[in-house]
Amino acid sequence: MEIKRFEVNLFGENTYVIWDSTTREAAVVDPGMSDQTEIDEVESFVSANSLTVKYLLLTHIHIDHTFGIEALKSAYNAALLAHKGDVPLGQTRQQQAQMFRLPVRLGPVEPDRFISDGDTLRLGTEEIKVIHTPGHSQGGVCYYVPESGFVLTGDTLFRGSVGRTDLPGGNQRQLIISIKSQLLGLPPSTVVYPGHGPATTIGEEARSNPFL
């Protein structure tokens, strides 16, 4: 599986395109593009690499990870997938914008399909395993690609840090339990691609993350 990172919007959110190099089937993970320039950059990359977008995958439904959903749904008609635990966040996206005093109008996020812990998706020849990691939000999930040795952690786990838990649906104790029980058991060499900031590995975070 190949992966490309785009840092977008005023929150410095990481949007990822992942794809199977043989079939060119792709997914966009956390489409946070907030203006036309950012949208064009992602769509140009998809076009230049002859990718077919099969999924829009959400690690959670905070606004900084969802700004670009409508544009990509219109462009690709790909299935939008998220965990049902974040339905309340999806229904209050405009209130989230108001909380951050953002001058935007946002409709609700309505996934085409709900995913659960242990579900398996497929892009081409590789599997993507869904890992439910509540704590940053109740519907937080990570996407693990075992054959390629990486996991997309959203705002659950960062390099040297963990997700904030002071937003609606957050729970600090639950977050740490999720990370320790669901993520730290992955192979230490697994590359962690977080929702903000640089990549790291499971082994590095297990050794040195001060929150763990």
# chains A, B, ... in the order shown; residues from 1 in each chain; ligands from 1
call {"tool": "residues_around", "arguments": {"residues": "Leu72 (chain A)", "least_positions_apart": "6", "cutoff": "12 Å", "atoms": "only C-alpha atoms", "output": "PDB file with N, CA and C atoms, in the first residue's frame"}}
result
ATOM      1  N   ALA A  27      -8.230   5.209  -1.014  1.00  0.00           N
ATOM      2  CA  ALA A  27      -9.097   5.791   0.008  1.00  0.00           C
ATOM      3  C   ALA A  27      -8.496   7.117   0.432  1.00  0.00           C
ATOM      4  N   VAL A  28      -9.335   8.069   0.743  1.00  0.00           N
ATOM      5  CA  VAL A  28      -8.895   9.323   1.348  1.00  0.00           C
ATOM      6  C   VAL A  28      -9.280   9.256   2.822  1.00  0.00           C
ATOM      7  N   VAL A  29      -8.303   9.421   3.685  1.00  0.00           N
ATOM      8  CA  VAL A  29      -8.521   9.317   5.129  1.00  0.00           C
ATOM      9  C   VAL A  29      -8.538  10.711   5.730  1.00  0.00           C
ATOM     10  N   ASP A  30      -9.638  11.036   6.395  1.00  0.00           N
ATOM     11  CA  ASP A  30      -9.818  12.331   7.065  1.00  0.00           C
ATOM     12  C   ASP A  30      -9.649  13.512   6.104  1.00  0.00           C
ATOM     13  N   PRO A  31     -10.589  13.686   5.183  1.00  0.00           N
ATOM     14  CA  PRO A  31     -10.490  14.762   4.194  1.00  0.00           C
ATOM     15  C   PRO A  31     -10.754  16.128   4.824  1.00  0.00           C
ATOM     16  N   GLY A  32      -9.703  16.771   5.296  1.00  0.00           N
ATOM     17  CA  GLY A  32      -9.838  18.033   6.017  1.00  0.00           C
ATOM     18  C   GLY A  32      -9.613  19.278   5.181  1.00  0.00           C
ATOM     19  N   MET A  33      -9.557  19.140   3.874  1.00  0.00           N
ATOM     20  CA  MET A  33      -9.257  20.282   3.009  1.00  0.00           C
ATOM     21  C   MET A  33     -10.329  21.361   3.162  1.00  0.00           C
ATOM     22  N   SER A  34      -9.905  22.585   3.466  1.00  0.00           N
ATOM     23  CA  SER A  34     -10.869  23.618   3.836  1.00  0.00           C
ATOM     24  C   SER A  34     -11.047  24.714   2.796  1.00  0.00           C
ATOM     25  N   GLN A  36     -10.505  25.739  -1.766  1.00  0.00           N
ATOM     26  CA  GLN A  36     -10.430  25.129  -3.091  1.00  0.00           C
ATOM     27  C   GLN A  36      -9.006  24.740  -3.465  1.00  0.00           C
ATOM     28  N   GLU A  38      -6.661  23.578  -1.497  1.00  0.00           N
ATOM     29  CA  GLU A  38      -6.360  22.293  -0.855  1.00  0.00           C
ATOM     30  C   GLU A  38      -7.131  21.143  -1.507  1.00  0.00           C
ATOM     31  N   ILE A  39      -8.379  21.400  -1.853  1.00  0.00           N
ATOM     32  CA  ILE A  39      -9.173  20.379  -2.551  1.00  0.00           C
ATOM     33  C   ILE A  39      -8.540  20.043  -3.892  1.00  0.00           C
ATOM     34  N   ASP A  40      -8.142  21.069  -4.640  1.00  0.00           N
ATOM     35  CA  ASP A  40      -7.535  20.844  -5.956  1.00  0.00           C
ATOM     36  C   ASP A  40      -6.239  20.046  -5.842  1.00  0.00           C
ATOM     37  N   GLU A  41      -5.479  20.284  -4.793  1.00  0.00           N
ATOM     38  CA  GLU A  41      -4.221  19.562  -4.629  1.00  0.00           C
ATOM     39  C   GLU A  41      -4.457  18.066  -4.469  1.00  0.00           C
ATOM     40  N   VAL A  42      -5.433  17.704  -3.651  1.00  0.00           N
ATOM     41  CA  VAL A  42      -5.753  16.290  -3.453  1.00  0.00           C
ATOM     42  C   VAL A  42      -6.334  15.687  -4.725  1.00  0.00           C
ATOM     43  N   GLU A  43      -7.280  16.388  -5.338  1.00  0.00           N
ATOM     44  CA  GLU A  43      -7.902  15.845  -6.533  1.00  0.00           C
ATOM     45  C   GLU A  43      -6.909  15.740  -7.687  1.00  0.00           C
ATOM     46  N   SER A  44      -5.981  16.662  -7.795  1.00  0.00           N
ATOM     47  CA  SER A  44      -4.959  16.589  -8.841  1.00  0.00           C
ATOM     48  C   SER A  44      -4.044  15.390  -8.619  1.00  0.00           C
ATOM     49  N   VAL A  46      -4.879  12.584  -7.098  1.00  0.00           N
ATOM     50  CA  VAL A  46      -5.672  11.397  -7.457  1.00  0.00           C
ATOM     51  C   VAL A  46      -5.688  11.209  -8.966  1.00  0.00           C
ATOM     52  N   THR A  52      -8.605   5.357  -8.303  1.00  0.00           N
ATOM     53  CA  THR A  52     -10.056   5.263  -8.175  1.00  0.00           C
ATOM     54  C   THR A  52     -10.395   5.292  -6.690  1.00  0.00           C
ATOM     55  N   VAL A  53     -11.039   6.364  -6.249  1.00  0.00           N
ATOM     56  CA  VAL A  53     -11.330   6.518  -4.822  1.00  0.00           C
ATOM     57  C   VAL A  53     -12.542   5.668  -4.457  1.00  0.00           C
ATOM     58  N   LYS A  54     -12.290   4.669  -3.638  1.00  0.00           N
ATOM     59  CA  LYS A  54     -13.330   3.720  -3.224  1.00  0.00           C
ATOM     60  C   LYS A  54     -13.973   4.121  -1.902  1.00  0.00           C
ATOM     61  N   TYR A  55     -13.165   4.668  -0.987  1.00  0.00           N
ATOM     62  CA  TYR A  55     -13.652   5.013   0.348  1.00  0.00           C
ATOM     63  C   TYR A  55     -13.210   6.421   0.746  1.00  0.00           C
ATOM     64  N   LEU A  56     -14.030   7.066   1.554  1.00  0.00           N
ATOM     65  CA  LEU A  56     -13.624   8.198   2.381  1.00  0.00           C
ATOM     66  C   LEU A  56     -13.698   7.693   3.814  1.00  0.00           C
ATOM     67  N   LEU A  57     -12.548   7.601   4.469  1.00  0.00           N
ATOM     68  CA  LEU A  57     -12.479   6.995   5.795  1.00  0.00           C
ATOM     69  C   LEU A  57     -12.258   8.068   6.852  1.00  0.00           C
ATOM     70  N   THR A  66     -12.994  16.889   8.569  1.00  0.00           N
ATOM     71  CA  THR A  66     -14.167  16.655   7.720  1.00  0.00           C
ATOM     72  C   THR A  66     -14.490  17.776   6.736  1.00  0.00           C
ATOM     73  N   ALA A  78     -17.670   8.270  -3.494  1.00  0.00           N
ATOM     74  CA  ALA A  78     -17.101   7.173  -2.711  1.00  0.00           C
ATOM     75  C   ALA A  78     -17.876   7.015  -1.406  1.00  0.00           C
ATOM     76  N   ALA A  79     -17.851   5.818  -0.854  1.00  0.00           N
ATOM     77  CA  ALA A  79     -18.566   5.533   0.389  1.00  0.00           C
ATOM     78  C   ALA A  79     -17.865   6.201   1.568  1.00  0.00           C
ATOM     79  N   LEU A  80     -18.643   6.938   2.373  1.00  0.00           N
ATOM     80  CA  LEU A  80     -18.127   7.594   3.567  1.00  0.00           C
ATOM     81  C   LEU A  80     -18.341   6.675   4.757  1.00  0.00           C
TER      82      LEU A  80
END
call {"tool": "residues_around", "arguments": {"residues": "Asn49 (chain A)", "least_positions_apart": "6", "cutoff": "12 Å", "atoms": "only C-alpha atoms", "output": "ChimeraX atom specification"}}
result
/A:2-4,17-26,42-43
call {"tool": "write_last_selection", "arguments": {"atoms": "C-alpha atoms", "output": "mmCIF file, in the first residue's frame"}}
result
data_model
loop_
_atom_site.group_PDB
_atom_site.id
_atom_site.type_symbol
_atom_site.label_atom_id
_atom_site.label_comp_id
_atom_site.auth_asym_id
_atom_site.auth_seq_id
_atom_site.Cartn_x
_atom_site.Cartn_y
_atom_site.Cartn_z
ATOM 1 C CA GLU A 2 1.237 3.467 -0.901
ATOM 2 C CA ILE A 3 0.522 6.583 1.155
ATOM 3 C CA LYS A 4 0.630 10.339 0.570
ATOM 4 C CA VAL A 17 -4.452 9.239 0.364
ATOM 5 C CA ILE A 18 -3.682 5.521 0.509
ATOM 6 C CA TRP A 19 -3.809 3.231 -2.501
ATOM 7 C CA ASP A 20 -3.004 -0.190 -3.869
ATOM 8 C CA SER A 21 -0.206 0.210 -6.405
ATOM 9 C CA THR A 22 -1.476 -2.621 -8.607
ATOM 10 C CA THR A 23 -5.218 -1.962 -8.855
ATOM 11 C CA ARG A 24 -5.002 1.818 -8.141
ATOM 12 C CA GLU A 25 -7.934 1.527 -5.720
ATOM 13 C CA ALA A 26 -7.654 4.320 -3.165
ATOM 14 C CA VAL A 42 -5.753 16.290 -3.453
ATOM 15 C CA GLU A 43 -7.902 15.845 -6.533
#
call {"tool": "select_by_dssp", "arguments": {"residues": "region 135-201 of chain A", "states": "helix (DSSP H, G or I)", "output": "list in words"}}
result
Gln172, Arg173, Gln174, Leu175, Ile176, Ile177, Ser178, Ile179, Lys180, Ser181, Gln182 and Leu183 of chain A
call {"tool": "residues_around", "arguments": {"residues": "Thr200 (chain A)", "least_positions_apart": "2", "cutoff": "8 Å", "atoms": "only C-alpha atoms", "output": "list in words"}}
result
Phe158, Arg159, Val191, Val192, Tyr193, Pro198, Ile202, Glu204 and Glu205 of chain A
call {"tool": "closest_residue", "arguments": {"among": "A:Thr190, A:Asn77, A:Thr153, A:Thr92", "to": "Ala206 (chain A)", "atoms": "only C-alpha atoms"}}
result
A:Thr190
